[in-house]
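Undergrad: Here you go, one structure.
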Amino acid sequence: MTNSSSHQATILIADDDEDIRLALELMLMTKNYKIIEASNAKEVIIQTERQKPDLVLLDMNFSRDTTSGQEGLDILKQLKQSNIPVILMTAWGSIELAVNGLQQGACDFIEKPWQKEKLLNSIAQQLSFSRIKEEHQGYRQLLSAKPTALIKNTDGHQAWICQSKAMLAIEQLVTQIAPTDANVLILGENGTGKSLLAERIHQLSIRQNNPLITVNMAAIPDNLFESELFGHQKGAFTDAKQHRVGRFQLADQGTLFFDEIGSLPLTLQPKLLRVLETGQYEILGSSQTQVANVRLISATNANLTKLVGDGTFRQDLLYRLNTLVITMPALRERLDDIQPLAENFIIKFSQKYHKSQLVLSTTAINKLKHHTWPGNIRELSHVIERAVLLATAETITDQQLLLDITDTQNQGIKLQPLEQAERLLIEKAMEVTSGHVIDAAKLLEISRNALYRRLEKFNISFDDKE
């Protein structure tokens, strides 16, 4: 299969309804996808062999019948041999049918009528997973031959780079633990690349050909927690107007990544603990017990041991999460990685802003290595993006990094306990946005629900204008 990240991705729409194909084609062409079509099972196979699409949107019911989905599953078995990601679609969805399709190799399951953003996000995610898988397969041999290799993404996005001693040690640990099914807890400051490490572990695991499903625990409203993780049946509650496949089912046979696990409210922790202890759960609206088969990776920047001592995080849940613990080093602790990371970002943003290939001057490299990087890799990304925009020649100079301004701003910062600094930052954000929670959350780059919890935690008063 061709690499979807380096060219216009091709999507095969396989549906016997001409109106459905047209509607999907119009929607996907606005996102610059190349579209090919198939109206029956035979055409699906022929088009796949001839065109080699990057992804297939596959209807589950063609001419044989209208509801069983068996014809779609038969086609899915043939497509799986081509290693092409497949998203299933049907107007007759059921939880059982969805799980069956996922277990047989589908990447996702969408019910008609589809939700536009959900479908587009699923397509983008699967194309991204496919790209990561291809690059991993291509670089695995290189890594074994050269332990200091840079595992770079060809599209210029953040790469898995391990030249520094700190990252080489992590790479060695990851290659040892990834093939196991042990739960992993990733610690580290904001912006250090915890989610990238989760992807790395998944792609080196025996589950690499199955889904990696990410859940931002801070972004799930309390009342939707069970539905989001375990799914619900139509009519399970007032707003349950259609079936929903939960994250545990989507990740079946694959990896489930819980980001910001430290922000999970204490009241919801027992519900998660049960499935981690027994592997069992129920879909909302169903009395049938399901069994989860996932590899769990969690991440947080919080001190979970301290949260346990404070009584806001369950110790038994922590024991389930931290079978293996990996701490991502701060960028200031991996100086040898700064230049390759920066160069990778230059490629990314040069492509984004249609600029010719830029290089860093020697003085710019020195400035990058002497900066303290309180925002870690995320801050480095912002600095390089700004420098690419400001560049007027082929070389990025140290002046175009604008780090002197940042350093001047940081000189007045007094080191203080993290919790105290967090409170001051939240108070400042609320002041700047005149108490508007949504705007303050965007400014802090956290979810609205995560900000609400911190406002309550620090007893900061606010007007609920949402």
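Identifiers in this document derive from the order of the structure tokens: chains are assigned A, B, ..., residues are numbered from 1 separately in each chain, and ligands are numbered from 1 in order of occurrence.
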If we count only C-alpha atoms and set the cut-off at 12 Å, which residues sit around Asp181 in chain A, ignoring sequence neighbours fewer than 5 positions away in its own chain? Please answer as JSON, numbers by chain.
TA: {"A": [176, 201, 202, 204, 205, 206, 207, 208, 253, 254, 255, 256, 293, 294, 295, 296, 297, 323, 324]}
Undergrad: Using only C-alpha atoms, which residue out of A:Leu273, A:Ala299, A:Leu390, A:Ala106 lies closest to Gly188 in chain A?
TA: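 The answer is A:Ala299, which sits nearest to Gly188 in chain A.
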Undergrad: Excluding same-chain residues fewer than 3 positions from Ile220 in chain A, what lies within 12 Å of it counting only C-alpha atoms, as a list in words?
TA: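 The residues satisfying every condition are Val215, Asn216, Met217, Asn223, Leu224, Phe225, Glu226, Ser227, Glu228, Leu229, Phe258, Asp259, Glu260, Ile261, Ser263, Leu264, Pro265, Leu268, Ser447, Arg448, Asn449, Ala450 and Arg453 of chain A.
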Undergrad: As a list in words, please: the residues near Ile36 in chain A (cut-off 10 Å, only C-alpha atoms, same-chain neighbours under 2 positions excluded).
TA: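 Surrounding residues, per the criterion: Thr10, Ile11, Leu12, Ile13, Ala14, Arg21, Glu25, Tyr33, Lys34, Ala38, Val44, Gln47, Thr48, Gln51, Pro53 and Val56 of chain A.
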Undergrad: One decimal, in Å: what's the spacing between CA of Gln280 in chain A and CA of Phe248 in chain A?
TA: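 Value for the CA of Gln280 in chain A-CA of Phe248 in chain A distance: 10.3 Å.
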Undergrad: Quick check, in Å to one decimal: how far apart do CA of Asp398 in chain A and CA of Arg386 in chain A lie?
TA: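 Taking CA of Asp398 in chain A and CA of Arg386 in chain A, their separation equals 12.2 Å.
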Undergrad: Identify all residues of range 120-328 of chain A in strand (DSSP E or B) (DSSP on the backbone) and supply them as JSON, numbers by chain.
TA: {"A": [150, 151, 160, 161, 184, 185, 186, 187, 212, 213, 214, 215, 216, 231, 232, 244, 245, 255, 256, 257, 258, 259, 280, 281, 282, 284, 289, 290, 291, 295, 296, 297, 298, 299, 300, 324, 325, 326, 327]}
Undergrad: Go ahead and write the selection's residues with N, CA and C atoms as a short mmCIF file (atom, residue, chain, number, x, y, z; two decimals), in the first residue's frame.
TA:
data_model
loop_
_atom_site.label_atom_id
_atom_site.label_comp_id
_atom_site.auth_asym_id
_atom_site.auth_seq_id
_atom_site.Cartn_x
_atom_site.Cartn_y
_atom_site.Cartn_z
N LEU A 150 17.49 7.89 14.05
CA LEU A 150 16.36 8.79 14.24
C LEU A 150 15.17 8.20 13.50
N ILE A 151 14.11 7.87 14.22
CA ILE A 151 12.93 7.30 13.58
C ILE A 151 12.06 8.47 13.17
N TRP A 160 9.93 9.92 16.43
CA TRP A 160 10.50 9.24 17.59
C TRP A 160 12.01 9.35 17.45
N ILE A 161 12.59 10.26 18.19
CA ILE A 161 14.01 10.57 18.07
C ILE A 161 14.71 10.19 19.36
N VAL A 184 1.24 -0.21 31.29
CA VAL A 184 2.34 0.76 31.38
C VAL A 184 1.80 2.11 31.82
N LEU A 185 2.46 2.73 32.77
CA LEU A 185 2.14 4.09 33.21
C LEU A 185 3.27 5.01 32.77
N ILE A 186 2.93 6.03 31.98
CA ILE A 186 3.92 6.98 31.48
C ILE A 186 3.81 8.29 32.26
N LEU A 187 4.89 8.69 32.88
CA LEU A 187 4.93 9.93 33.64
C LEU A 187 5.77 10.96 32.90
N LEU A 212 -5.08 1.23 18.06
CA LEU A 212 -4.63 2.01 19.22
C LEU A 212 -5.69 3.08 19.42
N ILE A 213 -6.43 2.99 20.51
CA ILE A 213 -7.52 3.92 20.79
C ILE A 213 -7.12 4.83 21.95
N THR A 214 -7.18 6.14 21.72
CA THR A 214 -6.79 7.12 22.73
C THR A 214 -8.01 7.73 23.40
N VAL A 215 -7.98 7.85 24.71
CA VAL A 215 -9.06 8.47 25.48
C VAL A 215 -8.46 9.55 26.37
N ASN A 216 -8.92 10.79 26.20
CA ASN A 216 -8.52 11.88 27.10
C ASN A 216 -9.45 11.86 28.30
N GLY A 231 -19.78 1.91 25.97
CA GLY A 231 -20.79 1.94 24.94
C GLY A 231 -22.21 1.86 25.51
N HIS A 232 -23.19 2.10 24.67
CA HIS A 232 -24.59 1.97 25.10
C HIS A 232 -25.45 1.48 23.95
N ARG A 244 -24.00 2.94 20.45
CA ARG A 244 -22.65 3.51 20.50
C ARG A 244 -21.67 2.43 20.92
N VAL A 245 -20.61 2.30 20.16
CA VAL A 245 -19.55 1.35 20.50
C VAL A 245 -18.57 2.03 21.44
N THR A 255 -4.69 -1.77 21.71
CA THR A 255 -4.17 -1.01 22.85
C THR A 255 -5.10 0.14 23.18
N LEU A 256 -5.34 0.35 24.46
CA LEU A 256 -6.17 1.47 24.93
C LEU A 256 -5.26 2.42 25.70
N PHE A 257 -5.22 3.69 25.25
CA PHE A 257 -4.35 4.69 25.87
C PHE A 257 -5.18 5.70 26.62
N PHE A 258 -5.04 5.72 27.95
CA PHE A 258 -5.74 6.68 28.80
C PHE A 258 -4.81 7.86 29.08
N ASP A 259 -5.07 8.98 28.42
CA ASP A 259 -4.27 10.18 28.65
C ASP A 259 -4.88 10.98 29.80
N GLN A 280 -14.17 -7.52 32.90
CA GLN A 280 -15.58 -7.61 32.57
C GLN A 280 -16.29 -6.26 32.71
N TYR A 281 -17.29 -6.05 31.86
CA TYR A 281 -18.11 -4.85 31.93
C TYR A 281 -19.41 -5.11 31.17
N GLU A 282 -20.37 -4.21 31.33
CA GLU A 282 -21.62 -4.31 30.60
C GLU A 282 -21.83 -3.05 29.77
N LEU A 284 -24.11 -0.21 28.47
CA LEU A 284 -25.30 0.41 29.06
C LEU A 284 -26.54 -0.03 28.29
N THR A 289 -22.68 -9.61 29.97
CA THR A 289 -21.33 -9.22 30.37
C THR A 289 -20.35 -9.38 29.21
N GLN A 290 -19.57 -8.35 28.97
CA GLN A 290 -18.55 -8.37 27.93
C GLN A 290 -17.17 -8.58 28.58
N VAL A 291 -16.24 -9.07 27.79
CA VAL A 291 -14.88 -9.28 28.29
C VAL A 291 -13.91 -8.45 27.46
N ARG A 295 -4.59 -4.02 25.77
CA ARG A 295 -3.37 -3.68 26.50
C ARG A 295 -3.51 -2.22 26.93
N LEU A 296 -3.35 -1.94 28.21
CA LEU A 296 -3.61 -0.60 28.74
C LEU A 296 -2.32 0.18 28.94
N ILE A 297 -2.31 1.40 28.39
CA ILE A 297 -1.23 2.36 28.63
C ILE A 297 -1.87 3.63 29.18
N SER A 298 -1.34 4.17 30.25
CA SER A 298 -1.86 5.40 30.85
C SER A 298 -0.75 6.44 30.91
N ALA A 299 -1.17 7.71 31.00
CA ALA A 299 -0.18 8.78 31.08
C ALA A 299 -0.72 9.90 31.96
N THR A 300 0.19 10.57 32.64
CA THR A 300 -0.19 11.71 33.47
C THR A 300 1.03 12.56 33.80
N LEU A 324 4.35 -1.36 34.96
CA LEU A 324 5.63 -0.82 34.49
C LEU A 324 5.50 0.69 34.41
N VAL A 325 6.50 1.41 34.86
CA VAL A 325 6.47 2.87 34.85
C VAL A 325 7.63 3.40 34.02
N ILE A 326 7.32 4.31 33.09
CA ILE A 326 8.36 4.97 32.29
C ILE A 326 8.18 6.48 32.46
N THR A 327 9.25 7.17 32.77
CA THR A 327 9.20 8.63 32.90
C THR A 327 9.87 9.27 31.69
#
Undergrad: Would you mind reading off the distance between CA of Glu111 in chain A and CA of Ile87 in chain A, one decimal, in Å?
TA: 10.4 Å
Undergrad: Show which residues sit within 9 Å of Arg334 in chain A, as a ChimeraX atom specification. Count only C-alpha atoms, and ignore same-chain residues fewer than 6 positions away.
TA: /A:162-167
Undergrad: What lies within 9 Å of Leu360 in chain A using only C-alpha atoms, ignoring chain neighbours under 2 positions off, as an mmCIF file with C-alpha atoms, in the first residue's frame?
TA:
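Final file, part-v7.cif:
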data_model
loop_
_atom_site.group_PDB
_atom_site.id
_atom_site.type_symbol
_atom_site.label_atom_id
_atom_site.label_comp_id
_atom_site.auth_asym_id
_atom_site.auth_seq_id
_atom_site.Cartn_x
_atom_site.Cartn_y
_atom_site.Cartn_z
ATOM 1 C CA GLN A 339 18.595 19.716 16.916
ATOM 2 C CA ALA A 342 13.920 21.103 15.575
ATOM 3 C CA GLU A 343 14.883 19.984 12.065
ATOM 4 C CA ILE A 346 11.197 22.669 10.213
ATOM 5 C CA LEU A 358 15.174 25.801 5.646
ATOM 6 C CA THR A 362 25.050 27.409 14.066
ATOM 7 C CA THR A 363 24.102 30.255 16.390
ATOM 8 C CA ALA A 364 20.437 29.192 16.247
ATOM 9 C CA ILE A 365 21.360 25.637 17.216
ATOM 10 C CA GLU A 394 17.125 29.739 3.521
ATOM 11 C CA THR A 395 18.688 29.915 6.978
ATOM 12 C CA ILE A 396 16.899 30.374 10.307
ATOM 13 C CA THR A 397 18.956 32.679 12.514
ATOM 14 C CA ASP A 398 19.064 32.872 16.285
#
Undergrad: Among range 133-370 of chain A, which ones does DSSP assign to alpha helix (DSSP H) (computed from the backbone)? Answer as a PyMOL selection string.
TA: chain A and resi 133-145+165-177+194-203+225-230+247-250+269-278+304-310+315-321+338-352+362-370
Undergrad: Using C-alpha atoms, can you export the residues from the last selection as a compact mmCIF listing (two decimals), in the first residue's frame?
TA:
# COMPACT_ATOMS: atom_id res chain seq x y z
CA LYS A 133 2.66 1.19 10.93
CA GLU A 134 4.41 1.49 7.56
CA GLU A 135 7.17 3.65 8.97
CA HIS A 136 7.67 1.32 11.92
CA GLN A 137 8.05 -1.67 9.61
CA GLY A 138 10.50 0.27 7.45
CA TYR A 139 12.63 1.47 10.35
CA ARG A 140 12.63 -1.58 12.62
CA GLN A 141 15.57 -3.09 10.74
CA LEU A 142 17.37 0.27 10.77
CA LEU A 143 16.93 0.54 14.53
CA SER A 144 18.39 -2.90 15.17
CA ALA A 145 21.40 -2.03 13.01
CA LYS A 165 21.38 8.98 26.51
CA ALA A 166 18.06 9.53 28.27
CA MET A 167 16.04 8.55 25.20
CA LEU A 168 18.32 5.64 24.26
CA ALA A 169 17.69 4.21 27.73
CA ILE A 170 13.94 4.54 27.20
CA GLU A 171 14.18 2.97 23.73
CA GLN A 172 16.01 -0.01 25.20
CA LEU A 173 13.35 -0.40 27.90
CA VAL A 174 10.52 -0.05 25.38
CA THR A 175 11.92 -2.78 23.13
CA GLN A 176 11.97 -5.08 26.16
CA ILE A 177 8.47 -4.40 27.49
CA LYS A 194 3.92 10.89 26.42
CA SER A 195 1.35 10.12 23.72
CA LEU A 196 4.15 9.56 21.21
CA LEU A 197 5.71 7.02 23.58
CA ALA A 198 2.34 5.25 23.83
CA GLU A 199 2.27 4.98 20.01
CA ARG A 200 5.82 3.66 20.04
CA ILE A 201 4.96 0.92 22.55
CA HIS A 202 1.90 -0.09 20.54
CA GLN A 203 3.80 -0.25 17.25
CA PHE A 225 -18.12 8.17 31.36
CA GLU A 226 -19.70 4.71 31.15
CA SER A 227 -21.15 5.34 27.70
CA GLU A 228 -17.81 6.60 26.36
CA LEU A 229 -15.78 3.68 27.70
CA PHE A 230 -18.28 0.82 27.56
CA ARG A 247 -13.67 2.53 23.63
CA PHE A 248 -12.98 -0.88 25.18
CA GLN A 249 -14.75 -2.55 22.26
CA LEU A 250 -13.04 -0.33 19.69
CA GLN A 269 -12.47 5.44 39.53
CA PRO A 270 -14.32 2.32 40.85
CA LYS A 271 -16.04 1.88 37.47
CA LEU A 272 -12.69 1.80 35.71
CA LEU A 273 -11.12 -0.35 38.43
CA ARG A 274 -13.71 -3.10 37.99
CA VAL A 275 -12.95 -3.71 34.32
CA LEU A 276 -9.20 -3.53 34.95
CA GLU A 277 -9.45 -6.11 37.75
CA THR A 278 -11.86 -8.56 36.12
CA LEU A 304 -0.27 9.89 41.57
CA THR A 305 1.43 8.78 44.79
CA LYS A 306 0.70 12.21 46.28
CA LEU A 307 -2.89 12.04 45.00
CA VAL A 308 -3.25 8.67 46.74
CA GLY A 309 -1.98 10.25 49.95
CA ASP A 310 -4.44 13.12 49.51
CA GLN A 315 -4.33 3.11 45.56
CA ASP A 316 -5.77 -0.13 44.16
CA LEU A 317 -6.36 1.62 40.81
CA LEU A 318 -2.76 2.89 40.82
CA TYR A 319 -1.54 -0.68 41.36
CA ARG A 320 -3.49 -1.76 38.29
CA LEU A 321 -1.98 1.01 36.16
CA ILE A 338 17.02 19.16 20.33
CA GLN A 339 18.59 19.72 16.92
CA PRO A 340 17.00 16.67 15.18
CA LEU A 341 13.64 17.51 16.77
CA ALA A 342 13.92 21.10 15.58
CA GLU A 343 14.88 19.98 12.07
CA ASN A 344 11.91 17.65 11.99
CA PHE A 345 9.60 20.53 12.92
CA ILE A 346 11.20 22.67 10.21
CA ILE A 347 10.22 20.05 7.62
CA LYS A 348 6.68 19.92 8.99
CA PHE A 349 6.09 23.67 9.03
CA SER A 350 7.92 24.33 5.77
CA GLN A 351 5.43 21.99 4.12
CA LYS A 352 2.52 23.55 5.97
CA THR A 362 25.05 27.41 14.07
CA THR A 363 24.10 30.26 16.39
CA ALA A 364 20.44 29.19 16.25
CA ILE A 365 21.36 25.64 17.22
CA ASN A 366 23.42 26.91 20.16
CA LYS A 367 20.56 29.13 21.31
CA LEU A 368 18.13 26.19 21.16
CA LYS A 369 20.47 24.05 23.26
CA HIS A 370 20.91 26.73 25.92
Undergrad: Which residues come within 10 Å of Leu424 in chain A, counting only C-alpha atoms, excluding same-chain residues fewer than 6 positions away, as a list in words?
TA: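 Here the qualifying residues turn out to be Leu418, Met430 and Phe458 of chain A.
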Undergrad: For Pro211 in chain A, which residue among A:Ala302, A:Ala330, A:Ala182, A:Val86 is the nearest when counting only C-alpha atoms?
TA: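 Of A:Ala302, A:Ala330, A:Ala182, A:Val86, the one nearest Pro211 in chain A, counting only C-alpha atoms, is A:Val86.
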